[in-house]
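Q: Structure file structure_6.cif (mmCIF, C-alpha atoms and all ligand atoms) is given on the next line.
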data_structure
#
loop_
_atom_site.label_atom_id
_atom_site.label_comp_id
_atom_site.auth_asym_id
_atom_site.auth_seq_id
_atom_site.Cartn_x
_atom_site.Cartn_y
_atom_site.Cartn_z
CA MET W 189 90.09 91.93 -83.15
CA GLY W 190 87.00 93.98 -82.34
CA THR W 191 84.88 92.08 -79.91
CA HIS W 192 87.48 89.51 -78.94
CA ALA W 193 89.53 89.95 -75.82
CA VAL W 194 91.67 86.85 -76.15
CA ASN W 195 92.81 85.08 -79.29
CA VAL W 196 94.66 81.80 -78.81
CA ASN W 197 96.30 80.10 -81.74
CA ASN W 198 97.83 76.62 -81.79
CA PHE W 199 98.96 77.13 -78.24
CA ASN W 200 100.94 74.41 -76.42
CA PHE W 201 102.46 74.59 -72.97
CA TRP W 202 104.89 72.27 -71.14
CA TYR W 203 106.09 71.94 -67.55
CA GLY W 204 109.47 70.32 -68.27
CA ASP W 205 108.59 67.30 -70.45
CA PHE W 206 104.96 67.23 -69.45
CA GLN W 207 102.59 68.83 -71.93
CA ALA W 208 99.83 70.46 -69.90
CA LEU W 209 98.06 72.34 -72.74
CA LYS W 210 97.58 70.86 -76.18
CA ASN W 211 96.98 72.72 -79.37
CA LEU W 212 94.50 75.26 -78.08
CA SER W 213 92.88 77.57 -80.63
CA PHE W 214 89.92 79.71 -79.69
CA MET W 215 88.71 83.25 -79.06
CA ILE W 216 87.16 84.71 -75.94
CA PRO W 217 84.67 87.55 -76.35
CA ALA W 218 85.18 90.93 -74.69
CA LEU W 219 82.85 92.15 -71.95
CA LYS W 220 81.38 88.71 -71.39
CA ILE W 221 81.88 86.06 -68.76
CA THR W 222 83.48 82.85 -69.99
CA SER W 223 83.63 79.88 -67.68
CA LEU W 224 86.24 77.19 -67.88
CA ILE W 225 85.14 73.77 -66.63
CA GLY W 226 86.68 70.32 -66.58
CA PRO W 227 87.99 67.72 -64.14
CA SER W 228 90.90 68.40 -61.81
CA GLY W 229 94.25 68.45 -63.54
CA CYS W 230 92.90 69.19 -67.04
CA GLY W 231 94.84 72.44 -67.31
CA LYS W 232 92.35 75.15 -66.31
CA SER W 233 94.63 76.95 -63.88
CA THR W 234 97.59 76.47 -66.20
CA PHE W 235 95.69 78.18 -68.97
CA LEU W 236 94.71 81.14 -66.78
CA LYS W 237 98.32 81.48 -65.69
CA CYS W 238 99.47 81.48 -69.31
CA LEU W 239 97.29 84.54 -69.88
CA ASN W 240 99.38 86.71 -67.58
CA ARG W 241 102.56 84.71 -67.89
CA ILE W 242 102.90 83.94 -64.20
CA ASN W 243 103.49 80.33 -65.21
CA GLU W 244 107.02 81.30 -66.06
CA ARG W 245 107.72 81.24 -62.33
CA SER W 246 106.99 77.48 -62.20
CA GLY W 247 110.49 76.26 -63.02
CA LYS W 248 111.30 74.97 -66.49
CA THR W 249 108.41 75.73 -68.79
CA SER W 250 108.04 76.16 -72.54
CA MET W 251 105.34 77.09 -74.98
CA SER W 252 104.57 77.33 -78.67
CA GLY W 253 101.88 79.11 -80.61
CA SER W 254 100.43 82.47 -79.69
CA VAL W 255 98.16 84.23 -77.25
CA SER W 256 96.92 87.71 -78.08
CA ILE W 257 95.13 89.98 -75.67
CA PHE W 258 93.23 92.73 -77.45
CA GLY W 259 95.51 92.27 -80.43
CA HIS W 260 98.81 92.22 -78.52
CA ASP W 261 100.82 89.01 -78.69
CA ILE W 262 101.73 88.65 -75.02
CA TYR W 263 104.61 86.26 -75.71
CA HIS W 264 106.22 88.60 -78.22
CA PRO W 265 109.39 90.05 -76.68
CA ILE W 266 108.36 93.55 -77.69
CA ASN W 267 105.57 93.54 -75.11
CA ALA W 268 106.81 94.32 -71.60
CA LEU W 269 105.78 91.91 -68.88
CA PRO W 270 104.73 94.53 -66.29
CA GLU W 271 102.33 96.05 -68.84
CA ILE W 272 100.84 92.64 -69.61
CA ARG W 273 100.35 91.92 -65.93
CA LYS W 274 98.73 95.32 -65.37
CA ASP W 275 96.13 94.57 -68.04
CA ILE W 276 95.21 91.24 -66.54
CA GLY W 277 94.19 90.87 -62.93
CA MET W 278 93.96 87.50 -61.24
CA VAL W 279 92.04 86.26 -58.22
CA PHE W 280 92.72 82.90 -56.60
CA GLN W 281 90.76 80.16 -54.90
CA LYS W 282 91.57 81.28 -51.36
CA PRO W 283 91.24 85.00 -50.72
CA ASN W 284 94.80 86.25 -50.31
CA PRO W 285 94.71 89.85 -49.12
CA LEU W 286 98.04 91.25 -47.99
CA PRO W 287 98.58 91.44 -44.23
CA LEU W 288 97.83 95.16 -44.39
CA SER W 289 94.84 97.45 -43.94
CA VAL W 290 91.90 97.54 -46.34
CA TYR W 291 93.20 100.87 -47.64
CA GLU W 292 96.76 99.65 -48.19
CA ASN W 293 95.56 96.52 -49.98
CA ILE W 294 93.77 98.64 -52.56
CA VAL W 295 96.59 101.09 -53.21
CA PHE W 296 99.35 98.46 -53.15
CA GLY W 297 99.24 97.59 -56.86
CA ALA W 298 99.08 101.23 -57.82
CA LYS W 299 102.10 101.99 -55.64
CA THR W 300 104.18 99.36 -57.41
CA HIS W 301 103.03 100.18 -60.95
CA LEU W 302 102.34 103.90 -61.13
CA LYS W 303 104.68 106.91 -61.18
CA LYS W 304 105.32 108.86 -57.95
CA SER W 305 103.48 111.87 -59.37
CA GLU W 306 100.34 109.76 -59.73
CA LEU W 307 100.42 108.72 -56.10
CA LYS W 308 99.20 111.85 -54.29
CA LYS W 309 97.09 111.17 -51.21
CA ASP W 310 93.86 112.58 -52.64
CA LEU W 311 94.28 110.41 -55.74
CA LEU W 312 94.89 107.33 -53.63
CA ASP W 313 91.85 108.16 -51.48
CA LYS W 314 89.76 108.46 -54.61
CA MET W 315 91.14 105.16 -55.89
CA VAL W 316 90.09 103.44 -52.67
CA GLU W 317 86.60 104.95 -52.75
CA GLU W 318 86.05 104.05 -56.41
CA SER W 319 87.32 100.49 -56.07
CA LEU W 320 85.29 99.76 -52.96
CA THR W 321 82.23 101.35 -54.54
CA LYS W 322 82.59 99.09 -57.58
CA VAL W 323 82.58 95.98 -55.41
CA GLY W 324 79.70 97.34 -53.31
CA MET W 325 81.63 97.69 -50.05
CA TRP W 326 82.34 101.44 -49.76
CA ASN W 327 79.50 102.28 -47.40
CA GLU W 328 80.26 99.51 -44.96
CA LEU W 329 84.03 99.95 -45.02
CA LYS W 330 84.53 103.70 -45.42
CA ASP W 331 84.91 104.19 -41.65
CA ARG W 332 87.10 101.09 -41.23
CA LEU W 333 89.68 101.56 -43.94
CA ASP W 334 92.44 101.09 -41.38
CA SER W 335 91.24 97.70 -40.20
CA ALA W 336 93.20 94.64 -41.18
CA ALA W 337 91.99 93.09 -44.43
CA ILE W 338 92.24 89.64 -42.94
CA SER W 339 89.72 90.58 -40.22
CA LEU W 340 86.98 90.72 -42.88
CA SER W 341 84.72 87.75 -43.66
CA LEU W 342 85.98 85.47 -46.45
CA GLU W 343 83.39 86.83 -48.85
CA LYS W 344 84.51 90.39 -48.17
CA GLN W 345 88.17 89.38 -48.43
CA GLN W 346 87.49 87.92 -51.86
CA LYS W 347 85.64 91.06 -52.94
CA LEU W 348 88.58 93.08 -51.65
CA CYS W 349 90.94 90.92 -53.73
CA ILE W 350 88.86 91.89 -56.76
CA ALA W 351 88.69 95.55 -55.67
CA ARG W 352 92.46 95.83 -55.36
CA LEU W 353 92.90 94.89 -59.03
CA LEU W 354 90.72 97.75 -60.28
CA PRO W 355 93.02 100.78 -59.72
CA LEU W 356 95.35 99.41 -62.41
CA LYS W 357 92.45 99.47 -64.88
CA PRO W 358 92.82 95.87 -66.00
CA LYS W 359 91.09 94.75 -69.18
CA ILE W 360 90.61 91.16 -68.16
CA LEU W 361 89.85 89.58 -64.80
CA LEU W 362 90.91 85.97 -64.30
CA LEU W 363 89.14 84.22 -61.45
CA ASP W 364 90.39 80.78 -60.47
CA GLU W 365 87.60 79.07 -58.50
CA PRO W 366 86.95 82.33 -56.65
CA CYS W 367 84.05 80.98 -54.61
CA SER W 368 85.38 77.63 -53.51
CA ALA W 369 86.22 78.91 -50.02
CA LEU W 370 82.87 80.70 -49.61
CA ASP W 371 79.50 79.63 -48.23
CA PRO W 372 76.42 79.75 -50.50
CA LYS W 373 75.51 83.28 -49.46
CA GLY W 374 79.06 84.55 -50.06
CA THR W 375 79.13 82.67 -53.37
CA LEU W 376 75.96 84.39 -54.58
CA ALA W 377 77.28 87.77 -53.46
CA VAL W 378 80.51 87.30 -55.41
CA GLU W 379 78.56 86.03 -58.45
CA GLU W 380 76.36 89.14 -58.38
CA LEU W 381 79.52 91.25 -58.27
CA ILE W 382 81.06 89.40 -61.20
CA LYS W 383 77.93 89.86 -63.31
CA ASP W 384 78.00 93.55 -62.53
CA LEU W 385 81.70 93.87 -63.42
CA LYS W 386 81.26 92.45 -66.89
CA LYS W 387 79.87 95.80 -68.01
CA GLN W 388 83.47 96.99 -67.83
CA TYR W 389 85.72 93.95 -67.80
CA THR W 390 86.16 90.71 -69.69
CA ILE W 391 85.94 87.91 -67.16
CA ILE W 392 87.25 84.36 -67.32
CA ILE W 393 86.23 82.16 -64.43
CA VAL W 394 87.37 78.66 -63.59
CA THR W 395 84.72 76.79 -61.68
CA HIS W 396 84.09 73.32 -60.31
CA SER W 397 80.41 74.06 -60.11
CA MET W 398 78.26 73.43 -63.18
CA ALA W 399 75.49 75.37 -61.47
CA GLN W 400 77.78 78.35 -61.12
CA ALA W 401 78.87 78.19 -64.75
CA LYS W 402 75.20 78.14 -65.77
CA ARG W 403 74.30 81.02 -63.46
CA VAL W 404 77.06 83.42 -64.38
CA SER W 405 78.60 82.74 -67.75
CA ASP W 406 77.79 83.71 -71.30
CA GLU W 407 80.15 81.16 -72.82
CA THR W 408 81.49 77.89 -71.47
CA MET W 409 84.64 75.99 -72.36
CA PHE W 410 85.07 72.36 -71.39
CA MET W 411 88.64 71.10 -71.12
CA TYR W 412 89.91 67.56 -70.73
CA MET W 413 93.54 66.46 -70.40
CA GLY W 414 94.96 69.71 -71.68
CA GLN W 415 92.65 69.92 -74.67
CA LEU W 416 89.64 72.06 -75.40
CA VAL W 417 86.80 69.63 -76.01
CA GLU W 418 83.90 72.02 -76.40
CA HIS W 419 83.32 75.76 -76.49
CA GLY W 420 80.04 77.51 -77.08
CA SER W 421 77.35 79.60 -75.51
CA THR W 422 76.60 78.39 -72.00
CA GLU W 423 73.08 77.60 -73.16
CA GLN W 424 74.38 75.40 -75.98
CA VAL W 425 77.04 73.61 -73.94
CA PHE W 426 74.65 72.75 -71.11
CA GLY W 427 71.55 72.32 -73.24
CA ALA W 428 72.87 70.59 -76.34
CA ALA W 429 76.50 69.55 -75.93
CA LYS W 430 78.05 68.46 -79.20
CA ASN W 431 80.74 66.23 -77.75
CA PRO W 432 79.65 63.11 -75.83
CA MET W 433 82.44 63.69 -73.32
CA THR W 434 81.06 67.12 -72.47
CA LEU W 435 77.67 65.58 -71.88
CA GLN W 436 79.13 62.90 -69.62
CA TYR W 437 81.01 65.51 -67.62
CA ILE W 438 78.09 67.87 -67.11
CA GLU W 439 75.89 64.93 -66.16
CA GLY W 440 78.40 64.06 -63.45
CA LYS W 441 79.52 60.75 -64.96
CA PHE W 442 83.18 61.53 -64.25
CA GLY W 443 85.42 64.19 -62.66
N1 LIG W 501 104.14 73.83 -61.53
C1 LIG W 501 103.87 72.66 -62.13
N2 LIG W 501 104.84 71.81 -62.49
C2 LIG W 501 104.57 70.62 -63.10
N3 LIG W 501 103.33 70.21 -63.42
C3 LIG W 501 102.30 71.02 -63.09
C4 LIG W 501 102.51 72.29 -62.43
N4 LIG W 501 101.30 72.86 -62.24
C5 LIG W 501 100.39 72.00 -62.74
N5 LIG W 501 100.98 70.90 -63.25
C6 LIG W 501 100.32 69.76 -63.92
O1 LIG W 501 99.62 70.25 -65.05
C7 LIG W 501 98.34 69.64 -65.19
C8 LIG W 501 97.28 70.70 -65.17
O2 LIG W 501 97.22 71.27 -63.89
P1 LIG W 501 96.26 72.50 -63.55
O3 LIG W 501 96.39 73.52 -64.59
O4 LIG W 501 96.51 72.89 -62.15
O5 LIG W 501 94.82 71.80 -63.67
P2 LIG W 501 93.39 72.25 -63.15
O6 LIG W 501 93.47 73.69 -62.74
O7 LIG W 501 92.47 71.99 -64.29
O8 LIG W 501 93.06 71.37 -61.98
C9 LIG W 501 98.24 68.64 -64.04
O9 LIG W 501 98.62 67.36 -64.54
C10 LIG W 501 99.24 69.15 -63.03
O10 LIG W 501 99.76 68.09 -62.25
MG MG W 502 93.08 74.61 -60.86
#
Render the structure in this file as structure tokens.
A:
Amino acid sequence: MGTHAVNVNNFNFWYGDFQALKNLSFMIPALKITSLIGPSGCGKSTFLKCLNRINERSGKTSMSGSVSIFGHDIYHPINALPEIRKDIGMVFQKPNPLPLSVYENIVFGAKTHLKKSELKKDLLDKMVEESLTKVGMWNELKDRLDSAAISLSLEKQQKLCIARLLPLKPKILLLDEPCSALDPKGTLAVEELIKDLKKQYTIIIVTHSMAQAKRVSDETMFMYMGQLVEHGSTEQVFGAAKNPMTLQYIEGKFG
């Protein structure tokens, strides 16, 4: 597998009778940012949700083919779901911190996943400091760890939602339109954070903004009606798209 974080092979996914993902085969490089673009309803969120198997909560679903994450087939029954979910953190469109303090938001995942012996107060404190440092908010929040997470600005809430994934040491971060609720300044701040995090994490970001895909991603994938139409370096996709449909989409002709 080496430099590939995700390896998708002939993957199909259905909600009931409706096929939302069609015959996807591709690889996503490790320690890079890959953006997923395409018009509403083309299957971007569905694909992200297939990567940590939370789609299985959406009623009657089925799949065929395979998805491997760092060489582990995540749909193989031998691989335990909690482990898969621990490796793959997800952030949603609207920041969704828990109605708890900043501190409790960050240790929450650890408390549900780790053993009691790993949950000593000094370890938890360290976890909070490290996670907030990584998202660049330790200095401003270190004296307000008890304040309610939802009292923070939206930008900070979103950064906190990223920070709270880090104690579980995920390998991949899935970001589903993480900036769509933010103003331009908050958007840039989160983009800077994402670029910084790719030193340590593989990042897949769904975005509605072509400009954002160009600014942050190394590779870009264009999806249409459940299919992968084009996948290449961001430079190639935006500079010399091979498929006419990709070109039409990035020129704003539809979607
Ligand atoms: N829980 C669900 N049950 C049935 N159909 C769904 C469900 N979620 C999404 N879909 C359908 O799957 C398709 C892809 O949706 P989605 O992955 O949300 O697209 P995108 O994120 O690209 O906007 C759409 O046609 C949508 O209506
Ligand atoms: Mg979506």
Q: Report as number ranges by chain which protein, DNA and RNA residues come within 12 Å of ligand LIG 501 (chain W), using only C-alpha atoms and all ligand atoms.
A: W: 201-210, 224-238, 242-250, 280-281, 363-365, 393-396, 409-416, 443
Q: Report as JSON the centre and the edge lengths, in Å to one decimal, of the axis-aligned box holding every listed atom of segment 260-273 of chain W, padded by 8 Å on each side.
A:
{"center_x": 104.1, "center_y": 91.2, "center_z": -72.3, "size_x": 26.6, "size_y": 25.8, "size_z": 28.8}
Q: Could you please determine the separation between atom CA of Leu376 of chain W and atom CA of Val323 of chain W in Å, to one decimal place?
A: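 Calculated distance between atom CA of Leu376 of chain W and atom CA of Val323 of chain W is 13.4 Å.
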Q: Between atom CA of Tyr263 of chain W and atom CA of Leu212 of chain W, what is the distance, to one decimal in Å?
A: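 For atom CA of Tyr263 of chain W relative to atom CA of Leu212 of chain W, the distance reads 15.1 Å.
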Q: For Ile391 of chain W, please output as a ChimeraX atom specification all residues within 6 Å (counting only C-alpha atoms; exclusion window: fewer than 2 positions along the same chain).
A: /W:221,360-361
Q: Take the selection from the previous step and output its residues with C-alpha atoms, as a PDB file, in the coordinates of the input.
A:
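The file below, selection-v4.pdb, is the result:
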ATOM      1  CA  ILE W 221      81.880  86.060 -68.760  1.00  0.00           C
ATOM      2  CA  ILE W 360      90.610  91.160 -68.160  1.00  0.00           C
ATOM      3  CA  LEU W 361      89.850  89.580 -64.800  1.00  0.00           C
TER       4      LEU W 361
END
Q: Just to confirm, what's the straight-line distance from atom CA of Asn211 of chain W to atom CA of Val194 of chain W in Å (one decimal)?
A: 15.4 Å
Q: Using all atoms listed in the file, which of W:Gly297, W:Pro358, W:Pro265, W:Gly427 sits nearest Gly277 of chain W?
A: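 Smallest distance to Gly277 of chain W is found for W:Pro358.
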Q: When distances are computed from all atoms listed in the file, which of W:Thr321, W:Lys303, W:Leu362, W:Lys220 shows the smallest separation from Arg273 of chain W?
A: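 Counting all atoms listed in the file, the residue closest to Arg273 of chain W is W:Leu362.
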Q: Counting all atoms listed in the file, which residue out of W:Lys282, W:Leu329, W:Pro372, W:Tyr437 sits closest to ligand MG 502 (chain W)?
A: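 Among the listed residues, W:Lys282 lies closest to ligand MG 502 (chain W).
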Q: Any idea what's packed within 12 Å of Ile257 of chain W, counting all atoms listed in the file, ignoring anything in its chain fewer than 3 positions away? Could you give it as a ChimeraX atom specification?
A: /W:189-197,215-218,238-241,254,260-264,267,271-273,275-276,358-360,390
Q: Taking into account only C-alpha atoms and all ligand atoms, which residue in the set W:Lys314, W:Lys387, W:Ser213, W:Val279 is nearest to ligand MG 502 (chain W)?
A: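 Of all the options, W:Val279 lies closest to ligand MG 502 (chain W).
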Q: Kindly provide, as a ChimeraX atom specification, the polymer residues lying within 10 Å of (87.3, 65.1, -81.1), counting only C-alpha atoms and using the coordinates exactly as they appear in the file.
A: /W:415-418,431-433
Q: Taking into account only C-alpha atoms and all ligand atoms, which residue in the set W:Asp406, W:Glu328, W:Pro366, W:Val295 is nearest to ligand MG 502 (chain W)?
A: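 Looking only at the distances to ligand MG 502 (chain W), the closest residue turns out to be W:Pro366.
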Q: Which residue gives the smallest distance to Phe296 of chain W among W:Met315, W:Ile266, W:Ala428, W:Met278, with all atoms listed in the file counted?
A: W:Met315
Q: Need the shell around segment 339-346 of chain W: protein/DNA/RNA residues with any atom at most 10 Å away, counting all atoms listed in the file. Skip same-chain ones fewer than 4 positions apart. Format as a list of chain:residue names?
A: W:Val279, W:Phe280, W:Gln281, W:Lys282, W:Pro283, W:Asn284, W:Pro285, W:Pro287, W:Ser289, W:Val290, W:Val323, W:Gly324, W:Met325, W:Leu329, W:Ser335, W:Ile350, W:Ala351, W:Arg352, W:Pro366, W:Cys367, W:Ala369, W:Leu370, W:Asp371, W:Lys373, W:Gly374, W:Thr375, W:Leu376, W:Ala377, W:Val378
